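This report refers to the structure that appears directly beneath it.
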Amino acid sequence: MKKLMCIVAMLIAVSNLTRGDDAPKTKKAEEAKKPVYDEKANAKELIDSALVAAKRENRRVLIQWGGNWCSWCLLLHERFKSDKDLAKTLRYEYDVVYIDSKNAELMKKYGVDQNEGVPYLTILDGDGKVLINQSTVPFETKVDGKNGHDPKKLQEFLLAQKAPTLKADSVLEAALAEANKSDRRVFLHFGAPWCGWCLKLDAWLARYDIAKVFGKDYVDVKIDMDRMTGAKEVLAKFNASGSGGIPWFVILDAKGKPMATSDGPKGNIGFPATEEEIVHFLKMLDASKRLLTDSDIDLLKNSLAPQKKTPTDK
């Protein structure tokens, strides 16, 4: 029944597009409502990009198959956005991609039963392995005559498939072992999914041009304060007071001895965004680098454009 309803909705949508004045829409209204599913996107590239991020952050990839013509697909998207618990779980544990169901071959590749209609969910681990394919029919509800999805059932489903929780001390131990093996330092930074400047630092470190240069001297490792067990204890080893907020970072030698920290003249610099913070960050690199050249340092410096911060920003 749901599949039939979605097909009917698609036919109605196509009909409206061809009727012109029968379904008038202003240009402003069209621009204000960005489609959930980008029909022109390269679906494979979207999934591949999500897999890279998921593997780096110990998350899963959630593929939502569907289409902008499907009312149930849009209802599911709205439920995921409006329910605070679901939104948090997705932000913490998943890299979400919306793939238009016209990508039939890709759906087939991931073992999706296309006879079950859309929306449909596929969860992948960081290596791209399918953990589960799930029709959304079991999550559907109807309250006071309105269609929707049960947030409790969706939450149970998502939590059951999330990546195993990592131990912060084990993550650091592995990074130190890699640094010792490759004769490098460890760039240890502490962050959390809700922290905007932490995410900015993560994104900067993940940039291909930055990672290629930064990786000459440093093993990049993040301790997630909310998603790893023992994170506070690891932070306390290097920042006993725990003051200064996050992101906070320290450069360690291969034996785990601190060489420089993000505590500048005025406290923790966080993501280096102001001129003063960038200067301190470059001093940290100068005190610990071995293979980075002057041109490498210039590249890193030029990628950090000075910007304003509010008093509470890090």
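Chain labels run A, B, ... following the order of the structure tokens; each chain numbers its residues from 1, and ligands are numbered from 1 in the order shown.
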
Using only C-alpha atoms, find each residue in stretch 33-56 of chain A having at least one atom no more than 10 Å away from stretch 126-139 of chain A; report its shortest atom-to-atom pair and that distance in Å (one decimal), rows by chain then rising number, as a Markdown table.
```
| residue | atom | partner | partner_atom | distance |
| --- | --- | --- | --- | --- |
| A:Ile47 | CA | A:Gly128 | CA | 8.9 |
| A:Asp48 | CA | A:Gly128 | CA | 8.4 |
| A:Ala50 | CA | A:Gly126 | CA | 8.7 |
| A:Leu51 | CA | A:Gly126 | CA | 5.4 |
| A:Val52 | CA | A:Gly126 | CA | 7.1 |
| A:Ala53 | CA | A:Gly126 | CA | 8.1 |
| A:Ala54 | CA | A:Gly126 | CA | 5.3 |
| A:Lys55 | CA | A:Gly126 | CA | 4.1 |
| A:Arg56 | CA | A:Gly126 | CA | 7.9 |
```

Given the selection you just returned, output its residues as a file containing N, CA, C and O atoms, formatted as a compact mmCIF listing (two decimals), in the first residue's frame.
```txt
# COMPACT_ATOMS: atom_id res chain seq x y z
N ILE A 47 28.33 8.39 -1.01
CA ILE A 47 28.53 7.27 -0.08
C ILE A 47 30.00 7.10 0.25
O ILE A 47 30.37 6.90 1.42
N ASP A 48 30.86 7.19 -0.77
CA ASP A 48 32.30 7.03 -0.53
C ASP A 48 32.83 8.09 0.42
O ASP A 48 33.65 7.81 1.30
N ALA A 50 31.10 9.68 2.71
CA ALA A 50 30.57 9.38 4.04
C ALA A 50 31.35 8.25 4.70
O ALA A 50 31.59 8.26 5.92
N LEU A 51 31.77 7.28 3.91
CA LEU A 51 32.54 6.15 4.45
C LEU A 51 33.89 6.60 4.99
O LEU A 51 34.35 6.10 6.03
N VAL A 52 34.53 7.53 4.30
CA VAL A 52 35.82 8.06 4.76
C VAL A 52 35.65 8.71 6.13
O VAL A 52 36.44 8.47 7.06
N ALA A 53 34.62 9.54 6.26
CA ALA A 53 34.37 10.23 7.53
C ALA A 53 33.99 9.24 8.63
O ALA A 53 34.45 9.35 9.77
N ALA A 54 33.17 8.26 8.29
CA ALA A 54 32.71 7.28 9.28
C ALA A 54 33.88 6.44 9.80
O ALA A 54 33.97 6.16 11.01
N LYS A 55 34.75 6.04 8.91
CA LYS A 55 35.90 5.23 9.33
C LYS A 55 36.82 6.04 10.24
O LYS A 55 37.33 5.53 11.24
N ARG A 56 37.02 7.30 9.89
CA ARG A 56 37.90 8.17 10.68
C ARG A 56 37.33 8.43 12.08
O ARG A 56 38.08 8.50 13.05
```

Problem - Residues within 9 Å of A:Ala305, only C-alpha atoms, excluding chain neighbours under 5 positions, as a ChimeraX atom specification - result: /A:272-275,278

Those same residues - N, CA and C atoms - I'd like them written as a PDB file, in the first residue's frame.
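Result file is again.pdb:
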```
ATOM      1  N   PRO A 272      42.889  27.254  15.916  1.00  0.00           N
ATOM      2  CA  PRO A 272      43.623  28.506  15.670  1.00  0.00           C
ATOM      3  C   PRO A 272      42.970  29.334  14.574  1.00  0.00           C
ATOM      4  N   ALA A 273      42.227  30.354  14.995  1.00  0.00           N
ATOM      5  CA  ALA A 273      41.480  31.168  14.040  1.00  0.00           C
ATOM      6  C   ALA A 273      41.900  32.632  14.032  1.00  0.00           C
ATOM      7  N   THR A 274      42.343  33.136  15.172  1.00  0.00           N
ATOM      8  CA  THR A 274      42.787  34.529  15.211  1.00  0.00           C
ATOM      9  C   THR A 274      44.290  34.577  14.935  1.00  0.00           C
ATOM     10  N   GLU A 275      44.792  35.763  14.637  1.00  0.00           N
ATOM     11  CA  GLU A 275      46.220  35.909  14.342  1.00  0.00           C
ATOM     12  C   GLU A 275      47.074  35.434  15.519  1.00  0.00           C
ATOM     13  N   ILE A 278      46.989  31.620  15.736  1.00  0.00           N
ATOM     14  CA  ILE A 278      47.770  31.006  14.660  1.00  0.00           C
ATOM     15  C   ILE A 278      49.259  31.089  14.965  1.00  0.00           C
TER      16      ILE A 278
END
```

Practice task
Skip A:Asp202 itself and residues of its chain fewer than 4 positions away, then list as a PyMOL selection string all residues within 9 Å of it, counting only C-alpha atoms.
Solution key: chain A and resi 191+197-198+206-207+222

Problem - Sel. of strand (DSSP E or B) residues, stretch 2-213 of chain A, as an MDAnalysis selection string - result: chainID A and resid 60:66 94:100 120:124 130:135 140:143 146:149 166:167 185:191

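Nearest residue to A:Leu292, choosing from A:Lys102, A:His77, A:Arg185, A:Lys152 and counting only C-alpha atoms: A:Arg185.
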
Handout entry: Test item: residues at most 9 Å from A:Gly66, only C-alpha atoms, excluding those fewer than 4 positions along its chain, as number ranges by chain
Key = A: 37, 70, 72-74, 98-102, 117-120

Export C-alpha atoms of the chosen residues as a PDB file, in the first residue's frame?
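Here's the written file result_28.pdb:
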```pdb
ATOM      1  CA  TYR A  37      17.290  14.169  -2.234  1.00  0.00           C
ATOM      2  CA  CYS A  70       7.617  10.324  -1.754  1.00  0.00           C
ATOM      3  CA  TRP A  72       6.792   8.968   3.536  1.00  0.00           C
ATOM      4  CA  CYS A  73      10.430   9.771   2.702  1.00  0.00           C
ATOM      5  CA  LEU A  74       9.925  13.418   3.609  1.00  0.00           C
ATOM      6  CA  TYR A  98      20.246  10.717   1.033  1.00  0.00           C
ATOM      7  CA  ILE A  99      20.269   8.705  -2.178  1.00  0.00           C
ATOM      8  CA  ASP A 100      17.555   9.015  -4.802  1.00  0.00           C
ATOM      9  CA  SER A 101      15.921   5.661  -5.557  1.00  0.00           C
ATOM     10  CA  LYS A 102      16.545   6.153  -9.270  1.00  0.00           C
ATOM     11  CA  GLY A 117       9.566   0.531  -1.669  1.00  0.00           C
ATOM     12  CA  VAL A 118      10.982   3.669  -0.094  1.00  0.00           C
ATOM     13  CA  PRO A 119      11.977   5.123   2.269  1.00  0.00           C
ATOM     14  CA  TYR A 120      14.427   2.346   2.921  1.00  0.00           C
TER      15      TYR A 120
END
```

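Candidate residues A:Pro265, A:Pro193, A:Pro35, A:Gly270 were compared for distance to A:Arg227, and the nearest is A:Pro193, using only C-alpha atoms.
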
Exercise for the section: Excluding A:His280 and any residue of its chain fewer than 4 positions from it, enumerate the residues within 8 Å of it, using only C-alpha atoms, and give them as a PyMOL selection string. Expected result: chain A and resi 262+264+269+276+284

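For A:Leu86, the set of protein, DNA and RNA residues having any atom at most 10 Å away, when counting only C-alpha atoms and skipping those fewer than 3 positions along the same chain, is Arg79, Phe80, Lys81, Ser82, Asp83, Thr89, Leu90, Arg91, Tyr92, Pro151, Lys152, Leu154, Gln155, Glu156, Leu158 and Leu159 of chain A.
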
For the selection you just gave me, I'd like the residues written to a file as a short mmCIF file (atom, residue, chain, number, x, y, z; two decimals), in the first residue's frame, keeping C-alpha atoms.
```cif
data_model
loop_
_atom_site.label_atom_id
_atom_site.label_comp_id
_atom_site.auth_asym_id
_atom_site.auth_seq_id
_atom_site.Cartn_x
_atom_site.Cartn_y
_atom_site.Cartn_z
CA ARG A 79 11.09 12.98 12.12
CA PHE A 80 14.85 12.54 12.21
CA LYS A 81 15.29 16.33 12.33
CA SER A 82 12.53 17.25 14.77
CA ASP A 83 13.01 14.56 17.42
CA THR A 89 22.00 9.90 17.78
CA LEU A 90 22.45 10.68 14.10
CA ARG A 91 24.85 13.54 14.86
CA TYR A 92 26.94 11.41 17.23
CA PRO A 151 10.65 7.79 17.21
CA LYS A 152 11.16 5.17 19.92
CA LEU A 154 13.70 4.33 15.18
CA GLN A 155 15.94 5.14 18.13
CA GLU A 156 16.16 1.49 19.15
CA LEU A 158 19.82 3.16 15.30
CA LEU A 159 21.35 2.46 18.71
#
```

Among stretch 117-268 of chain A, which ones does DSSP assign to alpha helix (DSSP H) (computed from the backbone)? Answer as a PDB file with N, CA, C and O atoms, in the first residue's frame.
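What follows is the written file selection.pdb:
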```pdb
ATOM      1  N   PRO A 151       9.281   7.400  16.851  1.00  0.00           N
ATOM      2  CA  PRO A 151      10.652   7.792  17.209  1.00  0.00           C
ATOM      3  C   PRO A 151      11.335   6.782  18.128  1.00  0.00           C
ATOM      4  O   PRO A 151      12.550   6.586  18.040  1.00  0.00           O
ATOM      5  N   LYS A 152      10.571   6.141  18.999  1.00  0.00           N
ATOM      6  CA  LYS A 152      11.161   5.167  19.921  1.00  0.00           C
ATOM      7  C   LYS A 152      11.705   3.963  19.156  1.00  0.00           C
ATOM      8  O   LYS A 152      12.815   3.487  19.421  1.00  0.00           O
ATOM      9  N   LYS A 153      10.937   3.465  18.204  1.00  0.00           N
ATOM     10  CA  LYS A 153      11.386   2.314  17.416  1.00  0.00           C
ATOM     11  C   LYS A 153      12.586   2.680  16.540  1.00  0.00           C
ATOM     12  O   LYS A 153      13.520   1.893  16.383  1.00  0.00           O
ATOM     13  N   LEU A 154      12.568   3.874  15.988  1.00  0.00           N
ATOM     14  CA  LEU A 154      13.697   4.325  15.177  1.00  0.00           C
ATOM     15  C   LEU A 154      14.960   4.453  16.022  1.00  0.00           C
ATOM     16  O   LEU A 154      16.052   4.055  15.602  1.00  0.00           O
ATOM     17  N   GLN A 155      14.801   4.975  17.230  1.00  0.00           N
ATOM     18  CA  GLN A 155      15.943   5.140  18.128  1.00  0.00           C
ATOM     19  C   GLN A 155      16.537   3.782  18.507  1.00  0.00           C
ATOM     20  O   GLN A 155      17.769   3.612  18.502  1.00  0.00           O
ATOM     21  N   GLU A 156      15.689   2.834  18.812  1.00  0.00           N
ATOM     22  CA  GLU A 156      16.156   1.489  19.153  1.00  0.00           C
ATOM     23  C   GLU A 156      16.925   0.862  17.992  1.00  0.00           C
ATOM     24  O   GLU A 156      17.958   0.212  18.184  1.00  0.00           O
ATOM     25  N   PHE A 157      16.418   1.072  16.792  1.00  0.00           N
ATOM     26  CA  PHE A 157      17.065   0.543  15.594  1.00  0.00           C
ATOM     27  C   PHE A 157      18.450   1.164  15.398  1.00  0.00           C
ATOM     28  O   PHE A 157      19.440   0.456  15.165  1.00  0.00           O
ATOM     29  N   LEU A 158      18.546   2.470  15.509  1.00  0.00           N
ATOM     30  CA  LEU A 158      19.818   3.159  15.299  1.00  0.00           C
ATOM     31  C   LEU A 158      20.850   2.804  16.367  1.00  0.00           C
ATOM     32  O   LEU A 158      22.026   2.578  16.062  1.00  0.00           O
ATOM     33  N   LEU A 159      20.424   2.760  17.614  1.00  0.00           N
ATOM     34  CA  LEU A 159      21.352   2.456  18.705  1.00  0.00           C
ATOM     35  C   LEU A 159      21.862   1.018  18.625  1.00  0.00           C
ATOM     36  O   LEU A 159      23.003   0.726  18.999  1.00  0.00           O
ATOM     37  N   ALA A 160      21.031   0.122  18.110  1.00  0.00           N
ATOM     38  CA  ALA A 160      21.429  -1.285  18.003  1.00  0.00           C
ATOM     39  C   ALA A 160      22.532  -1.484  16.965  1.00  0.00           C
ATOM     40  O   ALA A 160      23.293  -2.456  17.040  1.00  0.00           O
ATOM     41  N   GLN A 161      22.640  -0.546  16.017  1.00  0.00           N
ATOM     42  CA  GLN A 161      23.606  -0.694  14.938  1.00  0.00           C
ATOM     43  C   GLN A 161      24.820   0.232  15.062  1.00  0.00           C
ATOM     44  O   GLN A 161      25.701   0.215  14.213  1.00  0.00           O
ATOM     45  N   ALA A 168      39.441   5.365  25.322  1.00  0.00           N
ATOM     46  CA  ALA A 168      40.347   6.465  25.012  1.00  0.00           C
ATOM     47  C   ALA A 168      41.816   6.089  25.199  1.00  0.00           C
ATOM     48  O   ALA A 168      42.664   6.444  24.370  1.00  0.00           O
ATOM     49  N   ASP A 169      42.124   5.368  26.271  1.00  0.00           N
ATOM     50  CA  ASP A 169      43.529   5.013  26.506  1.00  0.00           C
ATOM     51  C   ASP A 169      44.059   4.054  25.446  1.00  0.00           C
ATOM     52  O   ASP A 169      45.225   4.128  25.052  1.00  0.00           O
ATOM     53  N   SER A 170      43.189   3.183  24.916  1.00  0.00           N
ATOM     54  CA  SER A 170      43.597   2.256  23.853  1.00  0.00           C
ATOM     55  C   SER A 170      43.834   3.001  22.549  1.00  0.00           C
ATOM     56  O   SER A 170      44.757   2.677  21.789  1.00  0.00           O
ATOM     57  N   VAL A 171      42.999   4.007  22.288  1.00  0.00           N
ATOM     58  CA  VAL A 171      43.162   4.823  21.085  1.00  0.00           C
ATOM     59  C   VAL A 171      44.490   5.566  21.130  1.00  0.00           C
ATOM     60  O   VAL A 171      45.233   5.607  20.139  1.00  0.00           O
ATOM     61  N   LEU A 172      44.814   6.146  22.278  1.00  0.00           N
ATOM     62  CA  LEU A 172      46.079   6.858  22.432  1.00  0.00           C
ATOM     63  C   LEU A 172      47.259   5.894  22.335  1.00  0.00           C
ATOM     64  O   LEU A 172      48.276   6.200  21.694  1.00  0.00           O
ATOM     65  N   GLU A 173      47.132   4.733  22.945  1.00  0.00           N
ATOM     66  CA  GLU A 173      48.203   3.737  22.912  1.00  0.00           C
ATOM     67  C   GLU A 173      48.527   3.325  21.473  1.00  0.00           C
ATOM     68  O   GLU A 173      49.698   3.199  21.101  1.00  0.00           O
ATOM     69  N   ALA A 174      47.490   3.140  20.662  1.00  0.00           N
ATOM     70  CA  ALA A 174      47.689   2.755  19.264  1.00  0.00           C
ATOM     71  C   ALA A 174      48.387   3.870  18.493  1.00  0.00           C
ATOM     72  O   ALA A 174      49.253   3.610  17.640  1.00  0.00           O
ATOM     73  N   ALA A 175      48.026   5.120  18.786  1.00  0.00           N
ATOM     74  CA  ALA A 175      48.640   6.258  18.107  1.00  0.00           C
ATOM     75  C   ALA A 175      50.122   6.379  18.473  1.00  0.00           C
ATOM     76  O   ALA A 175      50.968   6.662  17.612  1.00  0.00           O
ATOM     77  N   LEU A 176      50.439   6.168  19.733  1.00  0.00           N
ATOM     78  CA  LEU A 176      51.834   6.222  20.176  1.00  0.00           C
ATOM     79  C   LEU A 176      52.653   5.114  19.532  1.00  0.00           C
ATOM     80  O   LEU A 176      53.817   5.320  19.162  1.00  0.00           O
ATOM     81  N   ALA A 177      52.051   3.933  19.404  1.00  0.00           N
ATOM     82  CA  ALA A 177      52.745   2.819  18.759  1.00  0.00           C
ATOM     83  C   ALA A 177      53.050   3.151  17.301  1.00  0.00           C
ATOM     84  O   ALA A 177      54.141   2.850  16.789  1.00  0.00           O
ATOM     85  N   GLU A 178      52.085   3.773  16.618  1.00  0.00           N
ATOM     86  CA  GLU A 178      52.276   4.171  15.229  1.00  0.00           C
ATOM     87  C   GLU A 178      53.347   5.256  15.123  1.00  0.00           C
ATOM     88  O   GLU A 178      54.179   5.231  14.211  1.00  0.00           O
ATOM     89  N   ALA A 179      53.360   6.189  16.071  1.00  0.00           N
ATOM     90  CA  ALA A 179      54.364   7.252  16.067  1.00  0.00           C
ATOM     91  C   ALA A 179      55.758   6.674  16.285  1.00  0.00           C
ATOM     92  O   ALA A 179      56.729   7.093  15.635  1.00  0.00           O
ATOM     93  N   ASN A 180      55.864   5.717  17.191  1.00  0.00           N
ATOM     94  CA  ASN A 180      57.153   5.092  17.477  1.00  0.00           C
ATOM     95  C   ASN A 180      57.659   4.311  16.262  1.00  0.00           C
ATOM     96  O   ASN A 180      58.849   4.355  15.921  1.00  0.00           O
ATOM     97  N   LYS A 181      56.719   3.654  15.574  1.00  0.00           N
ATOM     98  CA  LYS A 181      57.066   2.853  14.405  1.00  0.00           C
ATOM     99  C   LYS A 181      57.515   3.720  13.232  1.00  0.00           C
ATOM    100  O   LYS A 181      58.437   3.357  12.496  1.00  0.00           O
ATOM    101  N   SER A 182      56.870   4.866  13.069  1.00  0.00           N
ATOM    102  CA  SER A 182      57.147   5.733  11.921  1.00  0.00           C
ATOM    103  C   SER A 182      58.037   6.926  12.261  1.00  0.00           C
ATOM    104  O   SER A 182      58.251   7.801  11.424  1.00  0.00           O
ATOM    105  N   GLY A 196      31.328  23.059  17.862  1.00  0.00           N
ATOM    106  CA  GLY A 196      31.537  23.558  16.517  1.00  0.00           C
ATOM    107  C   GLY A 196      32.987  23.739  16.129  1.00  0.00           C
ATOM    108  O   GLY A 196      33.406  23.371  15.030  1.00  0.00           O
ATOM    109  N   TRP A 197      33.799  24.305  17.026  1.00  0.00           N
ATOM    110  CA  TRP A 197      35.211  24.526  16.704  1.00  0.00           C
ATOM    111  C   TRP A 197      35.984  23.214  16.677  1.00  0.00           C
ATOM    112  O   TRP A 197      36.993  23.092  15.975  1.00  0.00           O
ATOM    113  N   CYS A 198      35.520  22.215  17.432  1.00  0.00           N
ATOM    114  CA  CYS A 198      36.133  20.880  17.371  1.00  0.00           C
ATOM    115  C   CYS A 198      35.911  20.287  15.986  1.00  0.00           C
ATOM    116  O   CYS A 198      36.828  19.717  15.377  1.00  0.00           O
ATOM    117  N   LEU A 199      34.681  20.423  15.489  1.00  0.00           N
ATOM    118  CA  LEU A 199      34.358  19.908  14.160  1.00  0.00           C
ATOM    119  C   LEU A 199      35.152  20.643  13.091  1.00  0.00           C
ATOM    120  O   LEU A 199      35.563  20.050  12.085  1.00  0.00           O
ATOM    121  N   LYS A 200      35.375  21.926  13.323  1.00  0.00           N
ATOM    122  CA  LYS A 200      36.168  22.711  12.363  1.00  0.00           C
ATOM    123  C   LYS A 200      37.616  22.223  12.342  1.00  0.00           C
ATOM    124  O   LYS A 200      38.232  22.123  11.272  1.00  0.00           O
ATOM    125  N   LEU A 201      38.143  21.916  13.514  1.00  0.00           N
ATOM    126  CA  LEU A 201      39.505  21.383  13.590  1.00  0.00           C
ATOM    127  C   LEU A 201      39.578  20.013  12.909  1.00  0.00           C
ATOM    128  O   LEU A 201      40.513  19.733  12.151  1.00  0.00           O
ATOM    129  N   ASP A 202      38.590  19.171  13.174  1.00  0.00           N
ATOM    130  CA  ASP A 202      38.542  17.844  12.538  1.00  0.00           C
ATOM    131  C   ASP A 202      38.541  17.965  11.020  1.00  0.00           C
ATOM    132  O   ASP A 202      39.264  17.243  10.325  1.00  0.00           O
ATOM    133  N   ALA A 203      37.702  18.873  10.519  1.00  0.00           N
ATOM    134  CA  ALA A 203      37.571  19.049   9.074  1.00  0.00           C
ATOM    135  C   ALA A 203      38.878  19.563   8.468  1.00  0.00           C
ATOM    136  O   ALA A 203      39.284  19.145   7.372  1.00  0.00           O
ATOM    137  N   TRP A 204      39.546  20.469   9.184  1.00  0.00           N
ATOM    138  CA  TRP A 204      40.813  21.017   8.692  1.00  0.00           C
ATOM    139  C   TRP A 204      41.878  19.922   8.620  1.00  0.00           C
ATOM    140  O   TRP A 204      42.575  19.788   7.618  1.00  0.00           O
ATOM    141  N   LEU A 205      41.974  19.126   9.662  1.00  0.00           N
ATOM    142  CA  LEU A 205      42.963  18.045   9.696  1.00  0.00           C
ATOM    143  C   LEU A 205      42.683  16.976   8.648  1.00  0.00           C
ATOM    144  O   LEU A 205      43.602  16.298   8.179  1.00  0.00           O
ATOM    145  N   ALA A 206      41.402  16.827   8.282  1.00  0.00           N
ATOM    146  CA  ALA A 206      41.010  15.790   7.323  1.00  0.00           C
ATOM    147  C   ALA A 206      41.200  16.225   5.869  1.00  0.00           C
ATOM    148  O   ALA A 206      41.138  15.394   4.958  1.00  0.00           O
ATOM    149  N   TYR A 208      42.694  16.901   2.414  1.00  0.00           N
ATOM    150  CA  TYR A 208      43.768  16.132   1.759  1.00  0.00           C
ATOM    151  C   TYR A 208      45.098  16.875   1.784  1.00  0.00           C
ATOM    152  O   TYR A 208      46.147  16.306   2.126  1.00  0.00           O
ATOM    153  N   ASP A 209      45.072  18.165   1.417  1.00  0.00           N
ATOM    154  CA  ASP A 209      46.322  18.921   1.356  1.00  0.00           C
ATOM    155  C   ASP A 209      46.958  19.092   2.725  1.00  0.00           C
ATOM    156  O   ASP A 209      48.191  19.052   2.865  1.00  0.00           O
ATOM    157  N   ILE A 210      46.112  19.235   3.758  1.00  0.00           N
ATOM    158  CA  ILE A 210      46.625  19.396   5.127  1.00  0.00           C
ATOM    159  C   ILE A 210      47.147  18.068   5.661  1.00  0.00           C
ATOM    160  O   ILE A 210      48.247  17.997   6.219  1.00  0.00           O
ATOM    161  N   ALA A 211      46.354  17.012   5.496  1.00  0.00           N
ATOM    162  CA  ALA A 211      46.739  15.689   6.011  1.00  0.00           C
ATOM    163  C   ALA A 211      48.042  15.209   5.374  1.00  0.00           C
ATOM    164  O   ALA A 211      48.887  14.593   6.048  1.00  0.00           O
ATOM    165  N   LYS A 212      48.213  15.498   4.094  1.00  0.00           N
ATOM    166  CA  LYS A 212      49.427  15.066   3.388  1.00  0.00           C
ATOM    167  C   LYS A 212      50.669  15.712   3.983  1.00  0.00           C
ATOM    168  O   LYS A 212      51.703  15.054   4.173  1.00  0.00           O
ATOM    169  N   VAL A 213      50.579  16.989   4.303  1.00  0.00           N
ATOM    170  CA  VAL A 213      51.712  17.710   4.883  1.00  0.00           C
ATOM    171  C   VAL A 213      51.849  17.409   6.376  1.00  0.00           C
ATOM    172  O   VAL A 213      52.935  17.080   6.861  1.00  0.00           O
ATOM    173  N   PHE A 214      50.748  17.516   7.101  1.00  0.00           N
ATOM    174  CA  PHE A 214      50.766  17.322   8.546  1.00  0.00           C
ATOM    175  C   PHE A 214      51.244  15.916   8.912  1.00  0.00           C
ATOM    176  O   PHE A 214      51.919  15.711   9.929  1.00  0.00           O
ATOM    177  N   ALA A 231      37.736   9.063  28.561  1.00  0.00           N
ATOM    178  CA  ALA A 231      38.268  10.259  27.889  1.00  0.00           C
ATOM    179  C   ALA A 231      38.718  11.312  28.894  1.00  0.00           C
ATOM    180  O   ALA A 231      39.765  11.955  28.722  1.00  0.00           O
ATOM    181  N   LYS A 232      37.935  11.505  29.949  1.00  0.00           N
ATOM    182  CA  LYS A 232      38.291  12.514  30.943  1.00  0.00           C
ATOM    183  C   LYS A 232      39.597  12.172  31.641  1.00  0.00           C
ATOM    184  O   LYS A 232      40.392  13.062  31.965  1.00  0.00           O
ATOM    185  N   GLU A 233      39.816  10.898  31.871  1.00  0.00           N
ATOM    186  CA  GLU A 233      41.038  10.459  32.541  1.00  0.00           C
ATOM    187  C   GLU A 233      42.263  10.718  31.660  1.00  0.00           C
ATOM    188  O   GLU A 233      43.330  11.113  32.154  1.00  0.00           O
ATOM    189  N   VAL A 234      42.114  10.473  30.358  1.00  0.00           N
ATOM    190  CA  VAL A 234      43.229  10.729  29.446  1.00  0.00           C
ATOM    191  C   VAL A 234      43.515  12.223  29.373  1.00  0.00           C
ATOM    192  O   VAL A 234      44.673  12.652  29.394  1.00  0.00           O
ATOM    193  N   LEU A 235      42.470  13.036  29.310  1.00  0.00           N
ATOM    194  CA  LEU A 235      42.655  14.490  29.291  1.00  0.00           C
ATOM    195  C   LEU A 235      43.387  14.952  30.540  1.00  0.00           C
ATOM    196  O   LEU A 235      44.284  15.811  30.474  1.00  0.00           O
ATOM    197  N   ALA A 236      43.010  14.381  31.673  1.00  0.00           N
ATOM    198  CA  ALA A 236      43.607  14.792  32.948  1.00  0.00           C
ATOM    199  C   ALA A 236      45.106  14.504  33.015  1.00  0.00           C
ATOM    200  O   ALA A 236      45.841  15.168  33.757  1.00  0.00           O
ATOM    201  N   LYS A 237      45.588  13.541  32.239  1.00  0.00           N
ATOM    202  CA  LYS A 237      47.013  13.231  32.234  1.00  0.00           C
ATOM    203  C   LYS A 237      47.838  14.392  31.669  1.00  0.00           C
ATOM    204  O   LYS A 237      48.997  14.586  32.036  1.00  0.00           O
ATOM    205  N   PHE A 238      47.226  15.144  30.772  1.00  0.00           N
ATOM    206  CA  PHE A 238      47.953  16.208  30.084  1.00  0.00           C
ATOM    207  C   PHE A 238      47.435  17.605  30.421  1.00  0.00           C
ATOM    208  O   PHE A 238      48.124  18.598  30.210  1.00  0.00           O
TER     209      PHE A 238
END
```

Completion exercise
Taken to one decimal, the atom CA of A:Gly244-atom CA of A:Lys289 distance is 24.6 Å

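Here atom CA of A:Leu75 stands at a distance of 11.1 Å from atom CA of A:Asp150.
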
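You will find atom CA of A:Asp263 at 9.5 Å from atom CA of A:Phe281.
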